[in-house]
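See structure below.
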Amino acid sequence: MLMFSEEEIDNYIEKHITKEDDILAELNRQTHVRMMHPRMLSGHIQGNILTMLSYMINPKNILEIGTYTGYSAICLAKALQENGKLTTIEINDELKDFAQSFFDKAKLNDKIDFIIGDALDIIPKLNIEFDMVFIDGEKSHYKKYFDLVIEKTRTGGFIIADNTLWGGKVIEKEIKNNDYFTKGIIEFNDYVANCERVEIALFPVRDGITVLRKK
Ligand SMILES: C[S@@+](CC[C@H](N)C(=O)[O-])C[C@H]1O[C@@H](n2cnc3c(N)ncnc32)[C@H](O)[C@@H]1O
């Protein structure tokens, strides 16, 4: 069995994938300097994977739940079709100016529809058929997000959910009663595994990335 530290292997990966562009690098830095919970940001390795998935899917319309400072939104929107749009929803209005300033810097403001509000209220009102959805909001709501977005995803479209291994906690034998995040992820994983409407792959990358294809 190969033994390596996670940090070393991440350094190696970062040296062998497309370089993080200057705007994303600045966004990454500024998030760590100015924001609470910077670990929530996707970062170079996962952002690069999201961009690649987006290129592969070639979407016209993308939906993202959980903008935070905008890192994953930029990674996904980069690979949109020429006249495509990414709709991204963030519940915390304190993040608005920060994320918007980076959408402007990345010259993606005409491709990104940035909505402040609760995704659970907003998604039912969206009149868009999505080719690709990225679920990265509140972990205890993943099942609810899925039930809403499956109705808005085109047949053959993809739903990607982040953090689906939740640091390995999904396989712990005893989950604390008040550990709503772990419970939410387990509930989602079990639910989609038994859902006849999707095919599923779970990539053990970073914190787990589930890719679902609507049949
Ligand atoms: C893990 S962070 C998102 C990180 C971002 N996608 C990235 O990769 O850089 C989760 C974000 O979801 C937001 N959020 C939580 N519940 C939400 C909801 N119901 N609707 C919209 N946003 C929500 C949080 O405020 C937080 O900014």
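Ligands are numbered from 1 in the order shown, chains are lettered A, B, ... in the order of the structure tokens, and residues start at 1 in each chain.
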(request) Using only C-alpha atoms and all ligand atoms, find each residue with an atom at most 7 Å away from ligand 1 and format the answer as a ChimeraX atom specification. (result) /A:40-43,65-73,89-92,117-120,136-138
(request) Based on DSSP run over this structure's backbone, return all residues of range 7-176 of chain A in helix (DSSP H, G or I), as JSON, numbers by chain. (result) {"A": [7, 8, 9, 10, 11, 12, 13, 14, 15, 22, 23, 24, 25, 26, 27, 28, 29, 30, 31, 32, 33, 34, 38, 39, 40, 43, 44, 45, 46, 47, 48, 49, 50, 51, 52, 53, 54, 55, 56, 57, 71, 72, 73, 74, 75, 76, 77, 93, 94, 95, 96, 97, 98, 99, 100, 101, 102, 103, 104, 105, 119, 120, 121, 122, 123, 124, 125, 139, 140, 141, 142, 143, 144, 145, 146, 147, 148, 149, 150, 166, 167, 168, 169, 170, 171]}
Compile a residue-level contact table for range 78-154 of chain A against range 26-34 of chain A at a cut-off of 10 Å, reporting for every qualifying residue the shortest atom pair and its distance in Å to one decimal, with only C-alpha atoms counted, rows ordered by chain and ascending number, as a Markdown table.
```
| residue | atom | partner | partner_atom | distance |
| --- | --- | --- | --- | --- |
| A:Phe98 | CA | A:Thr31 | CA | 9.0 |
| A:Ala99 | CA | A:Leu27 | CA | 8.7 |
| A:Ser101 | CA | A:Leu27 | CA | 9.8 |
| A:Phe102 | CA | A:Leu27 | CA | 7.0 |
| A:Lys105 | CA | A:Leu27 | CA | 10.0 |
```
Atoms kept (N, CA and C atoms) for selection, written as a PDB file, in the first residue's frame:
```pdb
ATOM      1  N   PHE A  98     -18.378  40.854  -2.080  1.00  0.00           N
ATOM      2  CA  PHE A  98     -17.091  40.172  -2.279  1.00  0.00           C
ATOM      3  C   PHE A  98     -17.168  39.265  -3.516  1.00  0.00           C
ATOM      4  N   ALA A  99     -18.167  38.377  -3.545  1.00  0.00           N
ATOM      5  CA  ALA A  99     -18.267  37.434  -4.685  1.00  0.00           C
ATOM      6  C   ALA A  99     -18.506  38.192  -5.981  1.00  0.00           C
ATOM      7  N   SER A 101     -17.607  41.145  -6.829  1.00  0.00           N
ATOM      8  CA  SER A 101     -16.406  41.838  -7.319  1.00  0.00           C
ATOM      9  C   SER A 101     -15.512  40.864  -8.093  1.00  0.00           C
ATOM     10  N   PHE A 102     -15.501  39.603  -7.691  1.00  0.00           N
ATOM     11  CA  PHE A 102     -14.668  38.630  -8.423  1.00  0.00           C
ATOM     12  C   PHE A 102     -15.350  38.178  -9.721  1.00  0.00           C
ATOM     13  N   LYS A 105     -14.313  40.915 -11.970  1.00  0.00           N
ATOM     14  CA  LYS A 105     -12.889  40.786 -12.352  1.00  0.00           C
ATOM     15  C   LYS A 105     -12.698  39.686 -13.386  1.00  0.00           C
TER      16      LYS A 105
END
```
(request) Would you mind listing what lies within 12 Å of Ile13 in chain A as a list of chain:residue names, with only C-alpha atoms counted and same-chain residues fewer than 5 positions away left out? (result)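 Within the cut-off, the hits are A:Glu6, A:Glu7, A:Glu8, A:Thr18, A:Lys19, A:Glu20, A:His44, A:Ile45, A:Gln46, A:Asn48, A:Ile49, A:Val205, A:Arg206.
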For the selection just defined, write its residues with C-alpha atoms to a file, as a PDB file, in the first residue's frame.
```
ATOM      1  CA  GLU A   6      -2.426  14.370   1.931  1.00  0.00           C
ATOM      2  CA  GLU A   7      -0.538  17.659   1.736  1.00  0.00           C
ATOM      3  CA  GLU A   8       2.301  16.147  -0.298  1.00  0.00           C
ATOM      4  CA  THR A  18      -3.818  23.347 -15.291  1.00  0.00           C
ATOM      5  CA  LYS A  19      -2.387  26.268 -13.329  1.00  0.00           C
ATOM      6  CA  GLU A  20      -4.814  28.209 -11.122  1.00  0.00           C
ATOM      7  CA  HIS A  44      -7.490  24.698  -7.000  1.00  0.00           C
ATOM      8  CA  ILE A  45      -7.762  20.907  -7.235  1.00  0.00           C
ATOM      9  CA  GLN A  46     -11.525  20.638  -6.910  1.00  0.00           C
ATOM     10  CA  ASN A  48     -10.050  22.347 -11.760  1.00  0.00           C
ATOM     11  CA  ILE A  49     -12.159  19.155 -11.667  1.00  0.00           C
ATOM     12  CA  VAL A 205     -11.761  13.083  -4.369  1.00  0.00           C
ATOM     13  CA  ARG A 206     -11.133  15.601  -1.572  1.00  0.00           C
TER      14      ARG A 206
END
```
(request) Please provide the set of residues having any atom within 12 Å of Asp104 in chain A, restricted to only C-alpha atoms, with same-chain residues fewer than 3 positions apart removed, written as an MDAnalysis selection string. (result) chainID A and resid 23 27 70 74 97:101 107:114
Dump as a PDB file, in the first residue's frame, selection limited to N, CA, C and O atoms:
```
ATOM      1  N   ILE A  23      -6.933  35.297 -11.276  1.00  0.00           N
ATOM      2  CA  ILE A  23      -8.122  35.786 -10.556  1.00  0.00           C
ATOM      3  C   ILE A  23      -8.552  34.769  -9.497  1.00  0.00           C
ATOM      4  O   ILE A  23      -8.859  35.134  -8.362  1.00  0.00           O
ATOM      5  N   LEU A  27      -8.689  35.300  -5.536  1.00  0.00           N
ATOM      6  CA  LEU A  27      -9.928  34.990  -4.802  1.00  0.00           C
ATOM      7  C   LEU A  27      -9.643  34.003  -3.650  1.00  0.00           C
ATOM      8  O   LEU A  27     -10.136  34.175  -2.523  1.00  0.00           O
ATOM      9  N   GLY A  70     -17.517  32.563  -4.406  1.00  0.00           N
ATOM     10  CA  GLY A  70     -17.616  32.541  -5.864  1.00  0.00           C
ATOM     11  C   GLY A  70     -16.598  31.676  -6.592  1.00  0.00           C
ATOM     12  O   GLY A  70     -16.570  31.638  -7.825  1.00  0.00           O
ATOM     13  N   ILE A  74     -17.058  30.501 -10.593  1.00  0.00           N
ATOM     14  CA  ILE A  74     -16.174  30.921 -11.685  1.00  0.00           C
ATOM     15  C   ILE A  74     -15.633  29.689 -12.424  1.00  0.00           C
ATOM     16  O   ILE A  74     -15.610  29.650 -13.655  1.00  0.00           O
ATOM     17  N   ASP A  97     -21.093  41.425  -2.028  1.00  0.00           N
ATOM     18  CA  ASP A  97     -20.170  42.351  -2.684  1.00  0.00           C
ATOM     19  C   ASP A  97     -18.841  41.677  -3.009  1.00  0.00           C
ATOM     20  O   ASP A  97     -18.264  41.889  -4.078  1.00  0.00           O
ATOM     21  N   PHE A  98     -18.378  40.854  -2.080  1.00  0.00           N
ATOM     22  CA  PHE A  98     -17.091  40.172  -2.279  1.00  0.00           C
ATOM     23  C   PHE A  98     -17.168  39.265  -3.516  1.00  0.00           C
ATOM     24  O   PHE A  98     -16.346  39.367  -4.421  1.00  0.00           O
ATOM     25  N   ALA A  99     -18.167  38.377  -3.545  1.00  0.00           N
ATOM     26  CA  ALA A  99     -18.267  37.434  -4.685  1.00  0.00           C
ATOM     27  C   ALA A  99     -18.506  38.192  -5.981  1.00  0.00           C
ATOM     28  O   ALA A  99     -17.857  37.916  -6.998  1.00  0.00           O
ATOM     29  N   GLN A 100     -19.407  39.194  -5.931  1.00  0.00           N
ATOM     30  CA  GLN A 100     -19.720  39.934  -7.167  1.00  0.00           C
ATOM     31  C   GLN A 100     -18.468  40.616  -7.721  1.00  0.00           C
ATOM     32  O   GLN A 100     -18.255  40.648  -8.940  1.00  0.00           O
ATOM     33  N   SER A 101     -17.607  41.145  -6.829  1.00  0.00           N
ATOM     34  CA  SER A 101     -16.406  41.838  -7.319  1.00  0.00           C
ATOM     35  C   SER A 101     -15.512  40.864  -8.093  1.00  0.00           C
ATOM     36  O   SER A 101     -14.861  41.249  -9.069  1.00  0.00           O
ATOM     37  N   LYS A 107     -14.705  38.906 -15.560  1.00  0.00           N
ATOM     38  CA  LYS A 107     -15.502  39.290 -16.743  1.00  0.00           C
ATOM     39  C   LYS A 107     -16.600  38.261 -17.030  1.00  0.00           C
ATOM     40  O   LYS A 107     -16.862  37.895 -18.177  1.00  0.00           O
ATOM     41  N   LEU A 108     -17.200  37.782 -15.951  1.00  0.00           N
ATOM     42  CA  LEU A 108     -18.251  36.777 -16.099  1.00  0.00           C
ATOM     43  C   LEU A 108     -19.600  37.311 -15.619  1.00  0.00           C
ATOM     44  O   LEU A 108     -20.558  36.555 -15.485  1.00  0.00           O
ATOM     45  N   ASN A 109     -19.672  38.630 -15.364  1.00  0.00           N
ATOM     46  CA  ASN A 109     -20.921  39.142 -14.784  1.00  0.00           C
ATOM     47  C   ASN A 109     -22.130  38.976 -15.699  1.00  0.00           C
ATOM     48  O   ASN A 109     -23.248  38.829 -15.227  1.00  0.00           O
ATOM     49  N   ASP A 110     -21.893  38.932 -17.024  1.00  0.00           N
ATOM     50  CA  ASP A 110     -23.041  38.725 -17.929  1.00  0.00           C
ATOM     51  C   ASP A 110     -23.404  37.237 -18.036  1.00  0.00           C
ATOM     52  O   ASP A 110     -24.440  36.869 -18.566  1.00  0.00           O
ATOM     53  N   LYS A 111     -22.548  36.374 -17.509  1.00  0.00           N
ATOM     54  CA  LYS A 111     -22.826  34.919 -17.574  1.00  0.00           C
ATOM     55  C   LYS A 111     -23.285  34.368 -16.237  1.00  0.00           C
ATOM     56  O   LYS A 111     -23.692  33.215 -16.142  1.00  0.00           O
ATOM     57  N   ILE A 112     -23.150  35.168 -15.180  1.00  0.00           N
ATOM     58  CA  ILE A 112     -23.502  34.671 -13.850  1.00  0.00           C
ATOM     59  C   ILE A 112     -24.678  35.459 -13.291  1.00  0.00           C
ATOM     60  O   ILE A 112     -24.608  36.681 -13.135  1.00  0.00           O
ATOM     61  N   ASP A 113     -25.745  34.746 -13.012  1.00  0.00           N
ATOM     62  CA  ASP A 113     -26.906  35.353 -12.364  1.00  0.00           C
ATOM     63  C   ASP A 113     -26.790  35.012 -10.879  1.00  0.00           C
ATOM     64  O   ASP A 113     -27.001  33.868 -10.484  1.00  0.00           O
ATOM     65  N   PHE A 114     -26.403  35.997 -10.084  1.00  0.00           N
ATOM     66  CA  PHE A 114     -26.086  35.791  -8.672  1.00  0.00           C
ATOM     67  C   PHE A 114     -27.307  36.195  -7.836  1.00  0.00           C
ATOM     68  O   PHE A 114     -27.695  37.356  -7.812  1.00  0.00           O
TER      69      PHE A 114
END
```
(message) Can you pull out every residue from range 8-200 of chain A that DSSP, working from the backbone, puts in strand (DSSP E), and format the result as JSON, numbers by chain?
(response) {"A": [61, 62, 63, 64, 65, 85, 86, 87, 88, 89, 90, 112, 113, 114, 115, 116, 130, 131, 132, 133, 134, 135, 153, 154, 155, 156, 157, 158, 159, 160, 161, 162, 198, 199, 200]}
So that I can see what lies close to Phe134 in chain A, please list as a tab-separated table (two decimals) with N, CA, C and O atoms, in the first residue's frame the residues with an atom at most 7 Å from it, counting only C-alpha atoms and leaving out residues fewer than 3 positions away in the same chain.
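For reference, result21.tsv as written:
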```tsv
chain	number	residue	atom	x	y	z
A	63	LEU	N	-26.86	25.43	-12.55
A	63	LEU	CA	-27.37	25.94	-11.27
A	63	LEU	C	-26.38	25.57	-10.18
A	63	LEU	O	-25.92	24.41	-10.12
A	64	GLU	N	-26.06	26.52	-9.33
A	64	GLU	CA	-25.21	26.24	-8.17
A	64	GLU	C	-25.94	26.63	-6.88
A	64	GLU	O	-26.50	27.73	-6.80
A	65	ILE	N	-25.92	25.74	-5.89
A	65	ILE	CA	-26.48	26.05	-4.57
A	65	ILE	C	-25.31	26.25	-3.61
A	65	ILE	O	-24.56	25.30	-3.35
A	159	ILE	N	-26.25	16.17	-11.99
A	159	ILE	CA	-26.29	16.85	-10.69
A	159	ILE	C	-25.02	16.41	-9.95
A	159	ILE	O	-24.76	15.21	-9.82
A	160	ILE	N	-24.25	17.39	-9.52
A	160	ILE	CA	-23.00	17.08	-8.81
A	160	ILE	C	-23.15	17.55	-7.37
A	160	ILE	O	-23.61	18.68	-7.14
A	161	ALA	N	-22.83	16.69	-6.42
A	161	ALA	CA	-22.97	17.07	-5.01
A	161	ALA	C	-21.61	16.96	-4.33
A	161	ALA	O	-20.91	15.95	-4.47
```
(message) Report, in Å to a single decimal, how far apart CA of Asp21 in chain A and CA of Lys96 in chain A are.
(response)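 Those two atoms sit 21.9 Å apart.
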(request) Fewer than 4 positions away in the same chain doesn't count, so skip those; otherwise give me all residues within 12 Å of Ala193 in chain A, counting only C-alpha atoms, as a list of chain:residue names. (result)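 Here the answer would be A:Lys143, A:Ile186, A:Glu187, A:Phe188, A:Asn189, A:Arg197, A:Val198, A:Glu199, A:Ile200, A:Ala201, A:Leu202, A:Thr210, A:Val211, A:Leu212.
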(message) Restricting the calculation to only C-alpha atoms: of A:Glu196, A:Glu14, A:Asp121, A:Asp162, which residue gets closest to Leu148 in chain A?
(response) A:Asp121
(request) Name the residues in contact with range 122-129 of chain A at a cut-off of 12 Å, using only C-alpha atoms, excluding same-chain residues fewer than 3 positions from it; report them as a PyMOL selection string. (result) chain A and resi 59-65+84-91+113-119+132-133+135+144-158
(message) Rounded to one decimal, what separation in Å do you get between CA of Phe103 in chain A and CA of Met56 in chain A?
(response)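 Value for the CA of Phe103 in chain A-CA of Met56 in chain A distance: 22.4 Å.
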